[in-house]
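One structure below.
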Amino acid sequence: MKTTVLIVEDEKAQRVVLAGDLKSRGFEVLEAESVQTAVEMISSKTVDVVLSDLKMQDASGIDLLKKLKNINPEISVVIMTAYATVETAVEAMKVGAYDFITKPYNLDEIDFIIKRIIEKNNLTSEVKYLREQLSLQNRLEGMRTNSDKMERVLDVASRVSPSKASVLIIGESGTGKEVLARAIHFSGKRKDKMFVAVNCAALNENLLESELFGHEKGSFTGAEKQHKGRFEIGDGGTVFLDEIGDLPLHTQVKLLRVLQEGEFERVGGSVTLGVDVRIIAATNKNIEELIRENKFREDLYYRLNVVNIQIPPLRERKEDIPLLIDQFAARYLKETDKNKIEFSKQALDLLMKYSYPGNIRELENIIHHSIVLARGEMITTEDLPLGIKNHGNETPSKDGCDDGVTLHEKVENLEKRLINDALHKTNGNQSAAAKLLGMSERNLRYRLEKWGGKAS
């Protein structure tokens with residue numbers, strides 16, 4: 001579509017000449033001889049750019065600018081004048097003019113400014129579209145489940161999303177805690193603001209404080225310039241604190257102040273900054289146990305735990321496995337030359353029977369692995385990771401349950417055997433073993449640490 005330019009100029013000769021020049025360059029041109037006519041045109045027609053003289057008989061270009069901004073705040077207005085002063089240019093820019101040029105005008109300059117406005121408008125439209133798509137993708141309404149347990153989780157999440165209340169999400173690694181946090185944010189009143197995620201376990205104490213609260217130039221070695229922290233960046237939006245159980249005690253004090261007072265100082269700074277953020281935290285640890293061990297502040301826990309949401313592990317919501325398989329298959333099918341992908345009955349049976357110690361993240365990894373390795377459009381048991389196939393070959397005891405051994409213990413023992421086999425096959429290479437098992441290396445390390453550094 002052609003770009004429409006409205007020329008507002010009370011001197012007919014200048015208006016006609018400029019209109020002819022712009023038409024010759026491919027622009028759709030409208031003409032107005034007064035501010036009143038320009039306002040009527042803007043109210044009834046689609047206009048991309050306004051070129052307005054500063055001094056006219058019925059009113060000034062500044063008056064027109066103010067009126068147009070009330071009608072459409074996004075409209076781009078360029079002021080033209082033969083009486084340019086710094087003061088008038090500053091006034092025009094303050095009111096919202098896109099640019100200010102002097103007469104006699106240079107047509108190439110005007111052409112350049114209009115094209116720059118077009119690029120800006122296109123970028124603004126694209127960003128708006130992407131934000132809308134992001135919001136739609138992440139909203140709670142888009143989350144599907146066949147599980148009664150997850151229905152209850154989504155019900156609580158939908159009721160808490162419009163508020164500012166802090167939320168503590170508890171669940172095993174890989175259950176989708178950040179996905180739920182994003183859905184709460186994008187379903188609430190802050191959806192047009194930033195969603196900022198921080199992994200509290202990924203950084204040491206000094207770097208974590210700088211990441212959260214920012215730092216001043218020279219506050220520590222390597223601080224070569226001022227740095228804004230995640231709370232400043234997320235002002236007005238939501239800050240998601242993952243692995244909150246790993247937050248150092250000293251940093252917990254600063255976080256408590258943000259929750260109580262809505263203020264903090266940057267590292268090395270003395271200026272108190274105010275901030276309005278909603279905090280959603282998540283953990284796979286038992287916070288109450290950490291409190292008893294004096295590793296977590298009780299007052300911070302109660303501030304974070306205004307609403308508590310516990311996400312069930314995938315082994316307790318197996319009704320959702322088919323839905324998740326379809327979702328991940330559709331996502332990763334785009335990376336291949338295949339038009340479609342299906343799972344054989346035997347492969348689906350194994351996927352339904354597997355216990356998923358790595359939860360949804362592990363299932364996603366398995367589907368990705370299988371689609372990449374599939375020889376055709378049908379995924380068979382041969383395309384599944386080794387851990388899934390071995391799991392399907394386990395022989396249960398006659399009565400299905402050993403005396404004195406709980407289901408949790410049986411699952412853990414099986415995990416140990418599978419991990420041991422994978423480590424043996426990869427000569428102790430944890431990265432290769434995790435890939436072989438179809439789980440993340442982080443999940444593998446977590447289990448080994450839990451078992452004292454070894455699976456046996």
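By convention here, the chains of the structure tokens are called A, B, ... in the order presented, each chain's residues are numbered starting at 1, and ligands are numbered starting at 1 in the order presented.
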
List every residue of region 48-156 of chain A that has an atom at most 10 Å from any atom of region 169-180 of chain A, giving for each one its closest atom pair and the distance in Å to one decimal, counting only C-alpha atoms, sorted by chain and then by ascending residue number, as a Markdown table.
```
| residue | atom | partner | partner_atom | distance |
| --- | --- | --- | --- | --- |
| A:Asn138 | CA | A:Val179 | CA | 7.6 |
| A:Arg139 | CA | A:Leu180 | CA | 8.9 |
| A:Leu140 | CA | A:Leu180 | CA | 7.8 |
| A:Met143 | CA | A:Leu180 | CA | 9.0 |
| A:Val153 | CA | A:Leu180 | CA | 9.3 |
| A:Leu154 | CA | A:Leu180 | CA | 8.4 |
```

Take the residues from that selection and write them out as an mmCIF file, in the first residue's frame, keeping C-alpha atoms.
```cif
data_model
loop_
_atom_site.group_PDB
_atom_site.id
_atom_site.type_symbol
_atom_site.label_atom_id
_atom_site.label_comp_id
_atom_site.auth_asym_id
_atom_site.auth_seq_id
_atom_site.Cartn_x
_atom_site.Cartn_y
_atom_site.Cartn_z
ATOM 1 C CA ASN A 138 1.493 -17.817 27.094
ATOM 2 C CA ARG A 139 -1.942 -17.143 28.535
ATOM 3 C CA LEU A 140 -3.607 -19.620 30.874
ATOM 4 C CA MET A 143 -2.969 -24.286 28.469
ATOM 5 C CA VAL A 153 -3.600 -25.840 39.412
ATOM 6 C CA LEU A 154 -4.867 -23.825 36.445
#
```

Next on the checklist: Neighbouring residues of Asp320 (chain A) were defined as those with any atom within 6 Å, considering only C-alpha atoms; residues of the same chain fewer than 2 positions away were excluded. Please report them as a list in words.
Outcome noted: Thr145, Asn146, Arg317, Lys318, Pro322 and Leu323 of chain A

Just the selected residues (N, CA and C atoms), exported as a short mmCIF file (atom, residue, chain, number, x, y, z; two decimals), in the first residue's frame, please.
```cif
data_model
loop_
_atom_site.label_atom_id
_atom_site.label_comp_id
_atom_site.auth_asym_id
_atom_site.auth_seq_id
_atom_site.Cartn_x
_atom_site.Cartn_y
_atom_site.Cartn_z
N THR A 145 -5.25 -29.40 29.42
CA THR A 145 -4.94 -30.53 30.29
C THR A 145 -6.12 -31.49 30.35
N ASN A 146 -5.82 -32.76 30.56
CA ASN A 146 -6.85 -33.78 30.79
C ASN A 146 -6.81 -34.26 32.24
N ARG A 317 0.20 -37.28 36.31
CA ARG A 317 -0.76 -36.69 35.38
C ARG A 317 -0.54 -37.24 33.97
N LYS A 318 -0.49 -38.56 33.90
CA LYS A 318 -0.17 -39.21 32.62
C LYS A 318 -1.26 -38.99 31.57
N PRO A 322 -0.40 -37.65 25.99
CA PRO A 322 -0.75 -37.53 24.57
C PRO A 322 -0.83 -36.08 24.10
N LEU A 323 -1.40 -35.19 24.94
CA LEU A 323 -1.48 -33.77 24.58
C LEU A 323 -0.10 -33.17 24.40
#
```

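Pairwise distance (CA of Ala19 (chain A), CA of Lys69 (chain A)) equals 23.2 Å.
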
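Straight-line separation from CA of Asp299 (chain A) to CA of Leu256 (chain A): 7.9 Å.
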
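The closest residue to Ser76 (chain A), picked from A:Ser187, A:Thr4, A:Gln36, A:Ser166 and counting only C-alpha atoms, is A:Thr4.
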
Item to check | Residues flagged strand (DSSP E or B) by DSSP in region 18-193 of chain A, as a ChimeraX atom specification | outcome: /A:28-32,49-53,55,60,76-81,99-102,167-170

Next on the checklist: If we count only C-alpha atoms and set the cut-off at 12 Å, which residues sit around region 303-309 of chain A, ignoring sequence neighbours fewer than 3 positions away in its own chain? Please answer as a ChimeraX atom specification.
Outcome noted: /A:149-161,163-171,176-177,180-181,184,240-241,244-245,252-253,255-261,278-284,287-288,296-300,312
